[in-house]
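Written out below as structure tokens is the structure these notes cover.
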Amino acid sequence: MARQHGQDSRGPSQRQLRVGETVRKELSDILTRGRFSDPDLDGVIVTIPEVRMTPDLRLATCLVMPLGGVNAEQVEKALNRSAKYLRGQVSRRLTMKYMPDLRFVLDTRFDDDDRIDTLLHSPEVSRDLDADEENEKN
């Protein structure tokens, strides 16, 4: 029976996680130095909390967020414009058979968490949860 390729329910492999973390570390170091000709990236502090690699290690999706979330969409577009330059910089620092293409997307996990927390504490949901607890007691 042949092995299935691609993403399965177990999540990313150890190799994907290791390569993603290595790329994240190098990208963070490059962005910290901040030598860009793009004015949208000039003086902007960018956080890279996670880099997700595809199973074939050919594409790296970098979750980014500028400090304070200021001009986030503008920074995301500037990073995607500079992706080839950044890929070249990372490839000089890493020894890999293929250097992955870089794609930058905004990290909205904290916004999503706040939105869900607000929804859970809304009066409508609290009322429904209290009704469920009363039904369980009876």
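For the structure tokens, the naming scheme is as follows: chains receive sequential letters (A, B, ...) according to their order of presentation, residues are indexed from 1 within each chain, and ligands are indexed from 1 in presentation order.
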Val75 of chain A surroundings by only C-alpha atoms, 8 Å radius, close-in-sequence under 2 positions cut, as a PDB file with N, CA and C atoms, in the first residue's frame:
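And here is the file that came out, part-v4.pdb:
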```
ATOM      1  N   ASP A  40       7.734  51.639   2.902  1.00  0.00           N
ATOM      2  CA  ASP A  40       6.706  51.099   3.792  1.00  0.00           C
ATOM      3  C   ASP A  40       7.309  50.235   4.897  1.00  0.00           C
ATOM      4  N   LEU A  41       8.528  49.748   4.693  1.00  0.00           N
ATOM      5  CA  LEU A  41       9.188  48.908   5.695  1.00  0.00           C
ATOM      6  C   LEU A  41      10.245  49.669   6.491  1.00  0.00           C
ATOM      7  N   PRO A  66       3.034  43.771  12.392  1.00  0.00           N
ATOM      8  CA  PRO A  66       3.863  44.895  12.808  1.00  0.00           C
ATOM      9  C   PRO A  66       3.566  45.255  14.261  1.00  0.00           C
ATOM     10  N   ASN A  71      -0.683  50.015  10.512  1.00  0.00           N
ATOM     11  CA  ASN A  71      -0.504  49.863   9.057  1.00  0.00           C
ATOM     12  C   ASN A  71      -0.227  48.411   8.670  1.00  0.00           C
ATOM     13  N   ALA A  72      -0.967  47.489   9.226  1.00  0.00           N
ATOM     14  CA  ALA A  72      -0.693  46.065   9.036  1.00  0.00           C
ATOM     15  C   ALA A  72      -0.826  45.648   7.568  1.00  0.00           C
ATOM     16  N   GLU A  73      -1.888  46.067   6.893  1.00  0.00           N
ATOM     17  CA  GLU A  73      -2.078  45.672   5.499  1.00  0.00           C
ATOM     18  C   GLU A  73      -0.982  46.243   4.612  1.00  0.00           C
ATOM     19  N   LYS A  77       1.684  43.998   2.370  1.00  0.00           N
ATOM     20  CA  LYS A  77       1.915  44.181   0.934  1.00  0.00           C
ATOM     21  C   LYS A  77       3.381  44.483   0.642  1.00  0.00           C
ATOM     22  N   ALA A  78       4.015  45.291   1.490  1.00  0.00           N
ATOM     23  CA  ALA A  78       5.427  45.618   1.287  1.00  0.00           C
ATOM     24  C   ALA A  78       6.305  44.386   1.454  1.00  0.00           C
ATOM     25  N   LEU A  79       5.996  43.544   2.420  1.00  0.00           N
ATOM     26  CA  LEU A  79       6.767  42.314   2.613  1.00  0.00           C
ATOM     27  C   LEU A  79       6.591  41.370   1.429  1.00  0.00           C
TER      28      LEU A  79
END
```
Could you pull out the residues in segment 67-135 of chain A that DSSP calls strand (DSSP E or B) from the backbone, as a ChimeraX atom specification? /A:101-106
Excluding Gly20 of chain A and residues on its chain fewer than 5 positions from it, collect all residues at most 6 Å away from it, counting only C-alpha atoms, and give them as a PDB file with N, CA and C atoms, in the first residue's frame.
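File result.pdb, as written:
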```
ATOM      1  N   VAL A  51       6.156  30.400  11.086  1.00  0.00           N
ATOM      2  CA  VAL A  51       6.314  30.131   9.659  1.00  0.00           C
ATOM      3  C   VAL A  51       5.812  28.718   9.424  1.00  0.00           C
ATOM      4  N   ARG A  52       4.839  28.576   8.530  1.00  0.00           N
ATOM      5  CA  ARG A  52       4.254  27.266   8.223  1.00  0.00           C
ATOM      6  C   ARG A  52       4.793  26.804   6.872  1.00  0.00           C
ATOM      7  N   MET A  53       5.353  25.610   6.882  1.00  0.00           N
ATOM      8  CA  MET A  53       5.940  25.041   5.665  1.00  0.00           C
ATOM      9  C   MET A  53       4.971  24.035   5.048  1.00  0.00           C
TER      10      MET A  53
END
```
Residues near Arg103 of chain A, cut-off 12 Å, only C-alpha atoms, skip fewer than 4 positions along chain, as a PyMOL selection string: chain A and resi 27+51-54+58-64+76-84+86-87
Write to file, as a short mmCIF file (atom, residue, chain, number, x, y, z; two decimals), in the first residue's frame, the residues of the selection just made, with N, CA and C atoms.
```cif
data_model
loop_
_atom_site.label_atom_id
_atom_site.label_comp_id
_atom_site.auth_asym_id
_atom_site.auth_seq_id
_atom_site.Cartn_x
_atom_site.Cartn_y
_atom_site.Cartn_z
N LEU A 27 14.57 35.04 9.11
CA LEU A 27 13.78 36.19 8.65
C LEU A 27 13.70 37.26 9.73
N VAL A 51 6.16 30.40 11.09
CA VAL A 51 6.31 30.13 9.66
C VAL A 51 5.81 28.72 9.42
N ARG A 52 4.84 28.58 8.53
CA ARG A 52 4.25 27.27 8.22
C ARG A 52 4.79 26.80 6.87
N MET A 53 5.35 25.61 6.88
CA MET A 53 5.94 25.04 5.67
C MET A 53 4.97 24.03 5.05
N THR A 54 4.96 23.97 3.71
CA THR A 54 4.21 22.93 3.02
C THR A 54 4.97 21.62 3.19
N ARG A 58 8.53 23.62 -0.16
CA ARG A 58 8.72 24.55 -1.27
C ARG A 58 8.07 25.91 -1.04
N LEU A 59 7.17 25.99 -0.06
CA LEU A 59 6.46 27.23 0.22
C LEU A 59 6.42 27.47 1.72
N ALA A 60 6.82 28.67 2.10
CA ALA A 60 6.78 29.08 3.51
C ALA A 60 5.76 30.20 3.66
N THR A 61 4.74 29.95 4.46
CA THR A 61 3.75 30.99 4.76
C THR A 61 4.14 31.60 6.09
N CYS A 62 4.51 32.87 6.04
CA CYS A 62 5.01 33.57 7.22
C CYS A 62 3.90 34.43 7.82
N LEU A 63 3.54 34.13 9.05
CA LEU A 63 2.56 34.95 9.76
C LEU A 63 3.29 36.14 10.35
N VAL A 64 2.85 37.35 10.01
CA VAL A 64 3.55 38.55 10.44
C VAL A 64 2.57 39.52 11.09
N GLU A 76 2.13 44.22 5.17
CA GLU A 76 1.99 42.90 4.52
C GLU A 76 2.26 43.01 3.02
N LYS A 77 1.68 44.00 2.37
CA LYS A 77 1.91 44.18 0.93
C LYS A 77 3.38 44.48 0.64
N ALA A 78 4.01 45.29 1.49
CA ALA A 78 5.43 45.62 1.29
C ALA A 78 6.31 44.39 1.45
N LEU A 79 6.00 43.54 2.42
CA LEU A 79 6.77 42.31 2.61
C LEU A 79 6.59 41.37 1.43
N ASN A 80 5.38 41.26 0.90
CA ASN A 80 5.17 40.41 -0.26
C ASN A 80 5.88 40.96 -1.50
N ARG A 81 5.98 42.31 -1.61
CA ARG A 81 6.76 42.89 -2.70
C ARG A 81 8.25 42.57 -2.55
N SER A 82 8.72 42.49 -1.31
CA SER A 82 10.13 42.24 -1.03
C SER A 82 10.44 40.76 -0.83
N ALA A 83 9.50 39.89 -1.13
CA ALA A 83 9.66 38.45 -0.84
C ALA A 83 10.86 37.85 -1.57
N LYS A 84 11.10 38.22 -2.82
CA LYS A 84 12.23 37.66 -3.55
C LYS A 84 13.55 38.10 -2.94
N LEU A 86 14.02 38.97 0.21
CA LEU A 86 14.14 38.29 1.50
C LEU A 86 14.50 36.82 1.32
N ARG A 87 13.94 36.20 0.29
CA ARG A 87 14.27 34.80 -0.01
C ARG A 87 15.76 34.67 -0.32
#
```
Could you give me, as a VMD selection string, each residue of chain A that DSSP assigns to alpha helix (DSSP H) when run on this structure's backbone? chain A and resid 14 to 33 72 to 81 83 to 93 109 to 120 123 to 137
Contact residues around Leu57 of chain A with only C-alpha atoms at 12 Å, ignoring same-chain residues under 3 positions, as number ranges by chain: A: 6, 12-20, 23, 51-54, 60-61, 96-102
Which residue, A:Ile30, A:Leu119, A:Met65, A:Val125, has the smallest gap to Val105 of chain A when you use only C-alpha atoms? A:Met65
What is the atom CA of Glu50 of chain A-atom CA of Asp29 of chain A distance in Å, reported with one decimal?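 Taking atom CA of Glu50 of chain A and atom CA of Asp29 of chain A, their separation equals 13.9 Å.
Interatomic distance, atom CA of Thr108 of chain A to atom CA of Leu67 of chain A: 13.1 Å.
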Atom pair atom CA of Pro55 of chain A / atom CA of Arg109 of chain A: separation (Å): 22.5 Å
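In this comparison, which uses only C-alpha atoms, the residue of A:Asp107, A:Asp128, A:Asp38, A:Asp56 approaching Gly69 of chain A most closely is A:Asp107.
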Counting only C-alpha atoms, the option among A:Gly68, A:Asp114, A:Leu129, A:Ile48 closest to Glu26 of chain A: A:Ile48
The residue from A:Gly43, A:Gly11, A:Pro123, A:Pro49 with the smallest atom-to-atom distance to Leu31 of chain A, counting only C-alpha atoms, is A:Gly43
